[in-house]
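Shown next: query01.txt, given as compact mmCIF, C-alpha atoms.
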# COMPACT_ATOMS: atom_id res chain seq x y z
CA MET L 1 46.50 -31.62 117.02
CA LYS L 2 48.98 -34.14 115.64
CA LEU L 3 52.56 -33.17 114.84
CA LEU L 4 52.01 -33.97 111.17
CA THR L 5 49.44 -31.16 111.04
CA HIS L 6 51.67 -28.86 113.09
CA ASN L 7 54.43 -29.35 110.53
CA MET L 8 52.14 -27.93 107.84
CA LEU L 9 50.49 -25.10 109.80
CA THR L 10 51.54 -21.50 109.32
CA SER L 11 50.20 -18.20 110.55
CA HIS L 12 48.01 -16.63 107.85
CA VAL L 13 47.67 -13.26 109.49
CA LYS L 14 47.85 -10.38 107.02
CA GLY L 15 51.28 -8.79 106.86
CA VAL L 16 53.18 -11.66 108.48
CA THR L 17 55.98 -12.90 106.22
CA LYS L 18 57.50 -15.58 108.41
CA GLY L 19 54.59 -17.33 110.09
CA TYR L 20 56.31 -20.72 110.16
CA PRO L 21 57.09 -22.72 112.20
CA LEU L 22 54.61 -22.09 114.99
CA LEU L 23 56.07 -22.56 118.44
CA ILE L 24 54.17 -25.15 120.52
CA LYS L 25 53.45 -24.37 124.15
CA ALA L 26 51.67 -27.48 125.37
CA THR L 27 50.08 -28.03 128.77
CA GLU L 28 48.54 -31.40 127.95
CA VAL L 29 49.85 -34.03 125.54
CA LYS L 30 48.41 -37.46 124.75
CA VAL L 31 49.81 -40.48 122.94
CA ASN L 32 47.33 -42.60 120.94
CA GLU L 33 47.75 -45.80 119.05
CA VAL L 34 47.45 -45.39 115.30
CA GLU L 35 47.78 -48.11 112.69
CA PHE L 36 51.23 -48.09 111.12
CA ASN L 37 51.25 -47.57 107.36
CA PRO L 38 54.91 -47.54 106.22
CA LYS L 39 54.09 -46.40 102.67
CA PHE L 40 52.17 -43.36 103.93
CA VAL L 41 55.01 -42.36 106.28
CA CYS L 42 57.49 -42.77 103.42
CA ARG L 43 55.46 -40.48 101.19
CA MET L 44 55.04 -37.84 103.88
CA ILE L 45 58.73 -37.61 104.82
CA PRO L 46 59.81 -35.54 101.77
CA LYS L 47 56.94 -33.09 102.48
CA LEU L 48 58.07 -32.50 106.06
CA GLU L 49 60.33 -29.80 107.42
CA TRP L 50 62.53 -32.20 109.33
CA SER L 51 64.12 -29.69 111.72
CA THR L 52 60.67 -28.36 112.67
CA LEU L 53 59.46 -31.88 113.43
CA VAL L 54 62.44 -32.63 115.65
CA GLN L 55 62.10 -29.30 117.42
CA ALA L 56 58.37 -29.83 118.02
CA ALA L 57 58.90 -33.36 119.33
CA ASP L 58 61.60 -31.98 121.62
CA GLN L 59 59.33 -29.22 122.92
CA LEU L 60 56.75 -31.84 123.85
CA GLY L 61 59.31 -34.10 125.45
CA HIS L 62 58.50 -36.92 123.04
CA ARG L 63 61.53 -36.84 120.83
CA GLU L 64 62.93 -40.14 122.13
CA GLU L 65 65.32 -41.52 119.52
CA LEU L 66 64.40 -39.36 116.57
CA PRO L 67 67.64 -38.35 114.76
CA GLY L 68 68.42 -34.68 114.18
CA GLU L 69 68.87 -35.25 110.46
CA LEU L 70 67.05 -37.39 107.96
CA VAL L 71 68.58 -40.85 107.65
CA PRO L 72 69.53 -41.58 104.03
CA ASP L 73 67.79 -44.59 102.49
CA TYR L 74 64.93 -44.44 104.99
CA GLU L 75 62.44 -46.28 102.74
CA LYS L 76 63.69 -49.68 103.83
CA ASN L 77 64.47 -48.76 107.43
CA GLU L 78 61.30 -49.95 109.17
CA ASP L 79 62.63 -49.08 112.61
CA PHE L 80 63.18 -45.47 111.57
CA LEU L 81 59.77 -45.30 109.87
CA LYS L 82 58.11 -46.57 113.03
CA LYS L 83 59.77 -43.81 115.06
CA VAL L 84 58.62 -41.20 112.54
CA HIS L 85 55.11 -42.68 112.55
CA ARG L 86 54.93 -42.36 116.32
CA VAL L 87 56.00 -38.75 116.35
CA LEU L 88 53.87 -37.71 113.38
CA LEU L 89 50.58 -39.47 114.06
CA GLU L 90 50.51 -40.80 117.62
CA VAL L 91 51.64 -37.80 119.67
CA GLU L 92 48.79 -35.31 120.07
CA VAL L 93 48.64 -31.89 121.73
CA ILE L 94 45.36 -31.54 123.66
CA GLU L 95 45.74 -28.23 125.50
CA GLY L 96 48.13 -25.37 124.95
CA CYS L 97 48.78 -22.81 122.27
CA LEU L 98 50.71 -22.12 119.08
CA GLN L 99 52.82 -18.98 118.85
CA CYS L 100 53.73 -17.13 115.69
CA PRO L 101 57.54 -16.71 115.46
CA GLU L 102 57.29 -13.25 113.91
CA SER L 103 54.46 -11.47 115.72
CA GLY L 104 54.11 -13.52 118.92
CA ARG L 105 50.39 -13.86 118.29
CA GLU L 106 48.98 -16.94 120.01
CA PHE L 107 46.52 -19.46 118.59
CA PRO L 108 44.98 -21.38 121.52
CA ILE L 109 44.51 -25.17 121.38
CA SER L 110 41.53 -26.58 123.24
CA LYS L 111 40.40 -30.24 123.28
CA GLY L 112 43.00 -30.90 120.62
CA ILE L 113 41.58 -28.30 118.24
CA PRO L 114 43.69 -25.22 117.41
CA ASN L 115 41.66 -22.02 117.02
CA MET L 116 42.86 -20.42 113.78
CA LEU L 117 40.09 -17.81 113.60
CA LEU L 118 41.48 -14.37 112.79
CA ASN L 119 40.25 -11.00 114.02
CA GLU L 120 38.85 -8.43 111.59
CA ASP L 121 42.14 -6.56 111.29
CA GLU L 122 44.21 -9.69 110.74
CA ALA L 123 42.38 -11.15 107.75
CA MET Z 1 17.88 -30.35 101.77
CA ALA Z 2 18.45 -26.69 101.01
CA SER Z 3 16.42 -26.61 97.79
CA SER Z 4 12.91 -27.27 99.11
CA CYS Z 5 12.99 -25.33 102.40
CA ARG Z 6 14.37 -21.88 103.09
CA ARG Z 7 18.07 -21.62 102.48
CA PRO Z 8 20.04 -21.99 105.77
CA GLU Z 9 22.54 -19.31 104.81
CA HIS Z 10 19.75 -16.71 104.79
CA THR Z 11 19.01 -17.45 108.44
CA GLY Z 12 22.40 -16.37 109.69
CA PRO Z 13 26.15 -17.00 109.64
CA PRO Z 14 27.32 -20.64 109.72
CA ASP Z 15 28.76 -20.49 113.22
CA VAL Z 16 25.35 -19.35 114.48
CA PHE Z 17 23.21 -21.66 112.30
CA TYR Z 18 25.19 -24.75 113.24
CA ASN Z 19 24.47 -24.56 116.94
CA GLU Z 20 24.18 -27.54 119.29
CA GLU Z 21 20.65 -28.39 118.24
CA GLU Z 22 21.48 -28.41 114.53
CA ALA Z 23 24.74 -30.24 115.22
CA LYS Z 24 22.83 -33.02 116.99
CA LYS Z 25 20.98 -33.82 113.77
CA TYR Z 26 24.27 -34.73 112.18
CA SER Z 27 24.84 -37.44 114.73
CA GLN Z 28 21.26 -38.65 115.08
CA ASN Z 29 19.28 -38.12 111.90
CA SER Z 30 19.94 -41.24 109.85
CA ARG Z 31 18.66 -39.76 106.60
CA MET Z 32 20.99 -36.78 106.91
CA ILE Z 33 23.90 -39.08 107.69
CA GLU Z 34 23.07 -41.24 104.68
CA ILE Z 35 22.91 -38.31 102.27
CA GLN Z 36 26.15 -36.79 103.55
CA THR Z 37 27.94 -40.14 103.31
CA GLN Z 38 26.73 -40.71 99.75
CA MET Z 39 27.92 -37.27 98.70
CA SER Z 40 31.30 -37.87 100.34
CA GLU Z 41 31.65 -41.14 98.42
CA ARG Z 42 30.91 -39.40 95.15
CA ALA Z 43 33.31 -36.55 95.97
CA VAL Z 44 36.14 -38.98 96.72
CA GLU Z 45 35.35 -40.80 93.48
CA LEU Z 46 35.67 -37.53 91.59
CA LEU Z 47 39.00 -36.84 93.34
CA ASN Z 48 40.47 -39.66 91.28
CA LEU Z 49 43.19 -40.48 93.78
CA PRO Z 50 45.82 -43.11 92.89
CA GLU Z 51 44.47 -46.59 93.51
CA GLY Z 52 45.28 -48.20 96.88
CA GLN Z 53 47.36 -45.33 98.18
CA ALA Z 54 46.78 -43.64 101.53
CA CYS Z 55 46.67 -39.87 100.94
CA TYR Z 56 46.79 -36.71 103.06
CA LEU Z 57 43.58 -34.79 102.40
CA LEU Z 58 41.86 -31.58 103.44
CA ASP Z 59 38.15 -31.51 104.34
CA VAL Z 60 36.78 -27.96 104.19
CA GLY Z 61 33.66 -27.48 106.28
CA CYS Z 62 34.18 -30.90 107.86
CA GLY Z 63 31.51 -30.25 110.48
CA SER Z 64 30.69 -33.32 112.54
CA GLY Z 65 33.19 -35.42 110.60
CA LEU Z 66 30.73 -37.46 108.55
CA SER Z 67 32.69 -36.97 105.35
CA GLY Z 68 35.95 -37.37 107.26
CA ASP Z 69 34.85 -40.78 108.53
CA TYR Z 70 34.46 -41.93 104.98
CA LEU Z 71 38.00 -40.70 104.20
CA THR Z 72 39.30 -42.68 107.18
CA GLU Z 73 37.42 -45.74 105.94
CA GLU Z 74 39.24 -45.45 102.64
CA GLY Z 75 42.55 -45.46 104.51
CA HIS Z 76 43.39 -41.76 104.15
CA HIS Z 77 44.63 -39.27 106.72
CA TRP Z 78 42.89 -35.93 106.78
CA VAL Z 79 42.71 -32.48 108.31
CA GLY Z 80 39.29 -30.86 108.73
CA VAL Z 81 38.48 -27.16 109.01
CA ASP Z 82 35.15 -25.84 110.32
CA ILE Z 83 33.83 -22.58 111.74
CA SER Z 84 31.29 -24.06 114.18
CA THR Z 85 32.50 -25.18 117.62
CA ALA Z 86 29.23 -27.07 118.15
CA MET Z 87 29.80 -29.18 115.05
CA LEU Z 88 33.45 -29.80 115.94
CA ASP Z 89 32.34 -30.90 119.41
CA VAL Z 90 30.12 -33.53 117.79
CA ALA Z 91 33.11 -34.63 115.72
CA LEU Z 92 35.16 -35.01 118.91
CA ASP Z 93 32.36 -37.04 120.50
CA ARG Z 94 32.30 -39.31 117.49
CA GLU Z 95 36.06 -39.71 117.89
CA VAL Z 96 37.02 -38.98 114.31
CA GLU Z 97 40.54 -39.89 113.24
CA GLY Z 98 41.28 -36.67 111.39
CA ASP Z 99 42.87 -33.59 112.88
CA LEU Z 100 40.38 -30.76 113.41
CA LEU Z 101 40.92 -27.02 113.12
CA LEU Z 102 38.58 -24.21 114.14
CA GLY Z 103 38.78 -21.76 111.25
CA ASP Z 104 36.96 -19.61 108.72
CA MET Z 105 37.57 -20.73 105.14
CA GLY Z 106 37.08 -17.18 103.88
CA GLN Z 107 40.15 -16.12 105.84
CA GLY Z 108 42.41 -18.49 103.95
CA MET Z 109 43.94 -21.90 104.46
CA PRO Z 110 46.88 -21.70 106.91
CA PHE Z 111 49.09 -24.37 105.37
CA ARG Z 112 52.49 -24.61 103.72
CA PRO Z 113 52.57 -24.93 99.91
CA GLY Z 114 52.03 -28.41 98.50
CA THR Z 115 50.74 -29.92 101.74
CA PHE Z 116 47.71 -31.91 100.55
CA ASP Z 117 47.07 -34.61 97.96
CA GLY Z 118 43.50 -33.48 97.51
CA CYS Z 119 40.62 -31.56 99.04
CA ILE Z 120 36.91 -32.29 99.49
CA SER Z 121 34.12 -30.15 100.79
CA ILE Z 122 30.53 -31.27 101.33
CA SER Z 123 27.70 -28.74 101.46
CA ALA Z 124 29.93 -25.89 102.64
CA LEU Z 125 31.02 -23.62 99.81
CA GLN Z 126 27.70 -21.82 99.40
CA TRP Z 127 28.15 -20.27 102.86
CA LEU Z 128 31.00 -18.15 101.48
CA CYS Z 129 28.66 -16.38 99.08
CA ASN Z 130 26.82 -14.48 101.78
CA ALA Z 131 28.23 -11.56 103.70
CA ASP Z 132 27.76 -12.31 107.39
CA LYS Z 133 29.51 -9.19 108.62
CA ARG Z 134 29.61 -5.68 107.28
CA SER Z 135 33.30 -6.05 106.59
CA HIS Z 136 32.77 -9.16 104.47
CA SER Z 137 33.11 -9.03 100.72
CA PRO Z 138 32.08 -12.44 99.32
CA PRO Z 139 34.17 -12.19 96.14
CA LYS Z 140 37.26 -11.25 98.17
CA ARG Z 141 36.67 -14.06 100.67
CA LEU Z 142 36.13 -16.55 97.86
CA TYR Z 143 39.35 -15.45 96.21
CA THR Z 144 41.30 -15.60 99.49
CA PHE Z 145 39.98 -19.11 100.05
CA PHE Z 146 40.72 -20.39 96.55
CA SER Z 147 44.16 -18.82 96.24
CA THR Z 148 45.38 -20.17 99.58
CA LEU Z 149 43.81 -23.55 98.80
CA TYR Z 150 45.57 -23.61 95.44
CA SER Z 151 48.94 -23.17 97.09
CA SER Z 152 48.25 -25.73 99.83
CA LEU Z 153 47.55 -28.41 97.25
CA ALA Z 154 50.36 -30.35 95.59
CA ARG Z 155 50.59 -30.01 91.79
CA GLY Z 156 48.36 -32.29 89.77
CA CYS Z 157 45.82 -32.64 92.57
CA ARG Z 158 42.10 -31.98 92.68
CA ALA Z 159 39.64 -30.20 94.89
CA VAL Z 160 36.02 -31.39 94.77
CA PHE Z 161 33.23 -29.32 96.30
CA GLN Z 162 29.66 -30.54 96.66
CA LEU Z 163 27.50 -27.45 97.00
CA TYR Z 164 23.95 -26.14 96.82
CA PRO Z 165 24.10 -23.08 94.57
CA GLU Z 166 21.28 -20.60 95.04
CA ASN Z 167 21.31 -19.33 91.47
CA SER Z 168 23.51 -19.11 88.41
CA GLU Z 169 25.02 -15.79 89.48
CA GLN Z 170 26.37 -17.47 92.60
CA LEU Z 171 27.84 -20.34 90.59
CA GLU Z 172 29.40 -17.84 88.20
CA LEU Z 173 30.95 -15.91 91.09
CA ILE Z 174 32.39 -19.07 92.60
CA THR Z 175 33.84 -20.45 89.38
CA SER Z 176 35.30 -17.10 88.31
CA GLN Z 177 37.13 -16.64 91.62
CA ALA Z 178 38.42 -20.21 91.42
CA MET Z 179 39.74 -19.64 87.89
CA ARG Z 180 41.34 -16.37 89.01
CA ALA Z 181 43.17 -18.28 91.71
CA GLY Z 182 44.72 -20.55 89.09
CA PHE Z 183 42.42 -23.58 89.12
CA THR Z 184 41.05 -25.23 85.97
CA GLY Z 185 38.03 -27.50 85.82
CA GLY Z 186 34.30 -26.95 86.07
CA MET Z 187 30.95 -28.20 87.33
CA VAL Z 188 29.84 -31.80 87.25
CA VAL Z 189 26.09 -32.22 87.65
CA ASP Z 190 24.67 -35.58 88.73
CA TYR Z 191 21.09 -36.47 87.76
CA PRO Z 192 20.46 -33.12 86.06
CA ASN Z 193 16.87 -34.01 85.21
CA SER Z 194 15.72 -34.82 88.72
CA SER Z 195 15.04 -31.89 91.00
CA LYS Z 196 15.40 -34.07 94.09
CA ALA Z 197 18.46 -36.11 93.18
CA LYS Z 198 20.32 -33.35 91.35
CA LYS Z 199 23.71 -32.66 92.89
CA PHE Z 200 26.36 -30.12 91.96
CA PHE Z 201 30.06 -30.91 92.28
CA LEU Z 202 32.65 -28.27 91.52
CA CYS Z 203 35.77 -30.12 90.31
CA LEU Z 204 38.95 -28.09 90.33
CA PHE Z 205 42.38 -29.15 89.09
CA THR Z 206 45.76 -27.69 89.99
CA GLY Z 207 47.63 -29.15 87.03
CA GLY Z 208 46.83 -27.97 83.51
CA THR Z 209 45.63 -31.31 82.17
CA GLY Z 210 42.37 -32.53 83.59
CA VAL Z 211 39.37 -34.00 81.83
CA LEU Z 212 36.15 -33.14 83.61
CA PRO Z 213 34.36 -36.33 84.72
CA LYS Z 214 30.85 -37.01 83.45
CA GLY Z 215 27.86 -36.46 85.68
CA LEU Z 216 25.74 -39.45 86.73
CA GLY Z 217 22.24 -40.17 85.47
CA SER Z 218 22.90 -38.90 81.99
CA GLU Z 219 22.79 -42.23 80.11
CA THR Z 220 19.08 -42.08 79.40
CA SER Z 221 18.98 -38.47 78.29
CA ASP Z 222 19.74 -37.15 74.84
CA ARG Z 223 23.39 -37.59 73.86
CA THR Z 224 23.63 -34.05 72.59
CA VAL Z 225 22.41 -32.52 75.82
CA ALA Z 226 25.42 -31.48 77.88
CA ASN Z 227 25.33 -32.68 81.48
CA GLN Z 228 28.03 -30.26 82.48
CA VAL Z 229 26.74 -26.82 83.17
CA GLN Z 230 28.54 -24.44 80.89
CA TYR Z 231 28.71 -21.21 82.69
CA SER Z 232 27.40 -18.20 80.81
CA GLY Z 233 25.93 -14.94 81.98
CA GLN Z 234 22.79 -15.36 79.88
CA ARG Z 235 19.51 -16.06 81.54
CA CYS Z 236 17.94 -19.40 80.69
CA ARG Z 237 14.59 -19.14 78.86
CA PHE Z 238 12.07 -21.68 80.04
CA ASN Z 239 9.45 -22.80 77.60
CA ASN Z 240 5.93 -23.16 78.88
CA MET Z 241 5.38 -26.45 80.73
CA LYS Z 242 2.70 -27.43 78.24
CA GLY Z 243 5.32 -27.52 75.52
CA LYS Z 244 4.30 -24.36 73.75
CA SER Z 245 6.33 -21.15 73.84
CA ALA Z 246 5.59 -18.24 76.12
CA LYS Z 247 2.90 -15.91 74.76
CA LYS Z 248 4.08 -13.15 72.41
CA GLY Z 249 7.75 -14.06 72.66
CA ARG Z 250 9.91 -14.35 69.55
CA ASP Z 251 9.59 -18.14 69.53
CA TRP Z 252 5.83 -17.87 69.70
CA ILE Z 253 5.80 -15.45 66.77
CA MET Z 254 8.00 -17.74 64.65
CA GLU Z 255 5.84 -20.74 65.46
CA LYS Z 256 2.69 -18.86 64.56
CA LYS Z 257 4.15 -17.81 61.22
CA GLU Z 258 5.12 -21.43 60.49
CA ARG Z 259 1.60 -22.55 61.35
CA ARG Z 260 0.06 -20.00 58.97
CA ARG Z 261 2.50 -20.95 56.19
CA ARG Z 262 1.40 -24.55 56.60
CA GLN Z 263 -2.19 -23.40 56.32
CA GLY Z 264 -1.27 -21.82 53.01
CA LYS Z 265 -1.70 -18.22 54.05
CA GLU Z 266 0.50 -15.39 52.95
CA VAL Z 267 3.21 -14.72 55.52
CA ARG Z 268 5.99 -12.16 55.54
CA PRO Z 269 9.50 -13.65 55.29
CA ASP Z 270 11.49 -14.09 58.51
CA THR Z 271 14.20 -11.51 58.94
CA LYS Z 272 16.37 -10.29 61.76
CA TYR Z 273 13.59 -7.84 62.58
CA THR Z 274 11.04 -10.58 63.26
CA GLY Z 275 9.76 -10.36 66.83
CA ARG Z 276 12.15 -7.50 67.58
CA GLN Z 277 11.32 -5.37 70.60
CA ARG Z 278 9.72 -2.15 69.45
CA ARG Z 279 9.89 1.22 71.17
CA PRO Z 280 7.08 1.55 73.70
CA HIS Z 281 4.91 4.00 71.79
CA PHE Z 282 4.68 1.70 68.72
Kindly return the structure encoded in the file as structure tokens.
Amino acid sequence: MKLLTHNMLTSHVKGVTKGYPLLIKATEVKVNEVEFNPKFVCRMIPKLEWSTLVQAADQLGHREELPGELVPDYEKNEDFLKKVHRVLLEVEVIEGCLQCPESGREFPISKGIPNMLLNEDEA
Amino acid sequence: MASSCRRPEHTGPPDVFYNEEEAKKYSQNSRMIEIQTQMSERAVELLNLPEGQACYLLDVGCGSGLSGDYLTEEGHHWVGVDISTAMLDVALDREVEGDLLLGDMGQGMPFRPGTFDGCISISALQWLCNADKRSHSPPKRLYTFFSTLYSSLARGCRAVFQLYPENSEQLELITSQAMRAGFTGGMVVDYPNSSKAKKFFLCLFTGGTGVLPKGLGSETSDRTVANQVQYSGQRCRFNNMKGKSAKKGRDWIMEKKERRRRQGKEVRPDTKYTGRQRRPHF
């Protein structure tokens, strides 16, 4: 599971009002190499919840030099975009789980795939 | 695939049907791979994404990642959802670039509003129309799916579903739940006159303005024949294959009267009572 996906994932259990952001508890993390597309990163930045991204990167120990707040005028800042690209698309959680902030319900992650299947009473 | 042999969704739920043996076909059977790739190409074409721009897309029922691979080829990033662990394992083996999620589309899409620039789904939607558990209500699951999908898409985006509808009631159910969820759009049918090549694509728009694309293979057919299936609850009447109307039906009666008029015989005028169903004892 990449951090870009994590930034968009919420808990969709019935009755939960604040199912975002999901807390990451990772036991295995991998870093891949992904082709850098500055335009794509630029377009994704406004869609992101920046504080969640920083928090997630921190939890995985891969925050490195990512600033706590969005840098103004980031479109031309290739250095900054490269850092964002690395955190969004290259850091991947392989084993662990995601925890709902409201209910504490855990969604396990195995082989990089989060299990979002709900039980009968949660749907 | 599903039209000539027994429908897969009558065999069992998708997570049971798509076991390891079935999943293997998706990585080994070249014909299957070719068909799935072609349908993915057409679905992406119907998505009408901005030219040359890498987008963030959702692939519902991504399975072994065949459609996802095509998205990657086009330079897009994608997230795939599937209910079968066996199929997702094949996707992992094939090292797909997209992010995979194990999930049931009938339970809703677990994403923040406005996440995706578009959504495709190849040969998956018809699985929602069957109740696999006693607690399942297909219309409710369809609505849950469409409403959560609607919110996860950014405004002005499209969702394209290639599906194998079993009958017109099923298509009607699907489109009505999609409209209820806020989507506009409709069905695009490619090659409507060929039973083998015919493909159904449900094209849904999240913005108000969207012109439904034309189906392929309609250039040679009559201009006035619509190649978009207009959904109505009426049953379609099929004329006899030989070209004549079914025996004793209203059409047959009208044709017979015309024939006799041409022969110069005396025929009663046609009224609204012509060929009307009489009470049984008549």
Tell me as a PyMOL selection string which residues belonging to chain L come within 10 Å of chain Z, counting all atoms listed in the file. chain L and resi 1-14+19-21+34+37+39-41+43-44+47-48+89+92+109-120+122-123
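Atom CA of Val93 of chain L lies 14.2 Å from atom CA of Glu33 of chain L.
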For Leu22 of chain L, find every residue with an atom within 7 Å (counting only C-alpha atoms), except residues of its own chain fewer than 5 positions away, and show them as a ChimeraX atom specification. /L:10,98-101
Resulting file, chosen residues, C-alpha atoms, as a PDB file, in the frame of the given file:
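The result, written out as result-v3.pdb:
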ATOM      1  CA  THR L  10      51.540 -21.500 109.320  1.00  0.00           C
ATOM      2  CA  LEU L  98      50.710 -22.120 119.080  1.00  0.00           C
ATOM      3  CA  GLN L  99      52.820 -18.980 118.850  1.00  0.00           C
ATOM      4  CA  CYS L 100      53.730 -17.130 115.690  1.00  0.00           C
ATOM      5  CA  PRO L 101      57.540 -16.710 115.460  1.00  0.00           C
TER       6      PRO L 101
END
Point-to-point distance in Å for atom CA of Asp79 of chain L and atom CA of Pro67 of chain L: 12.0 Å
Taken to one decimal, the atom CA of Thr17 of chain L-atom CA of Val54 of chain L distance is 22.8 Å
May I have the residues within 10 Å of Glu45 of chain Z as a count of residues only, using all atoms listed in the file and disregarding those fewer than 5 positions away in the same chain? 4
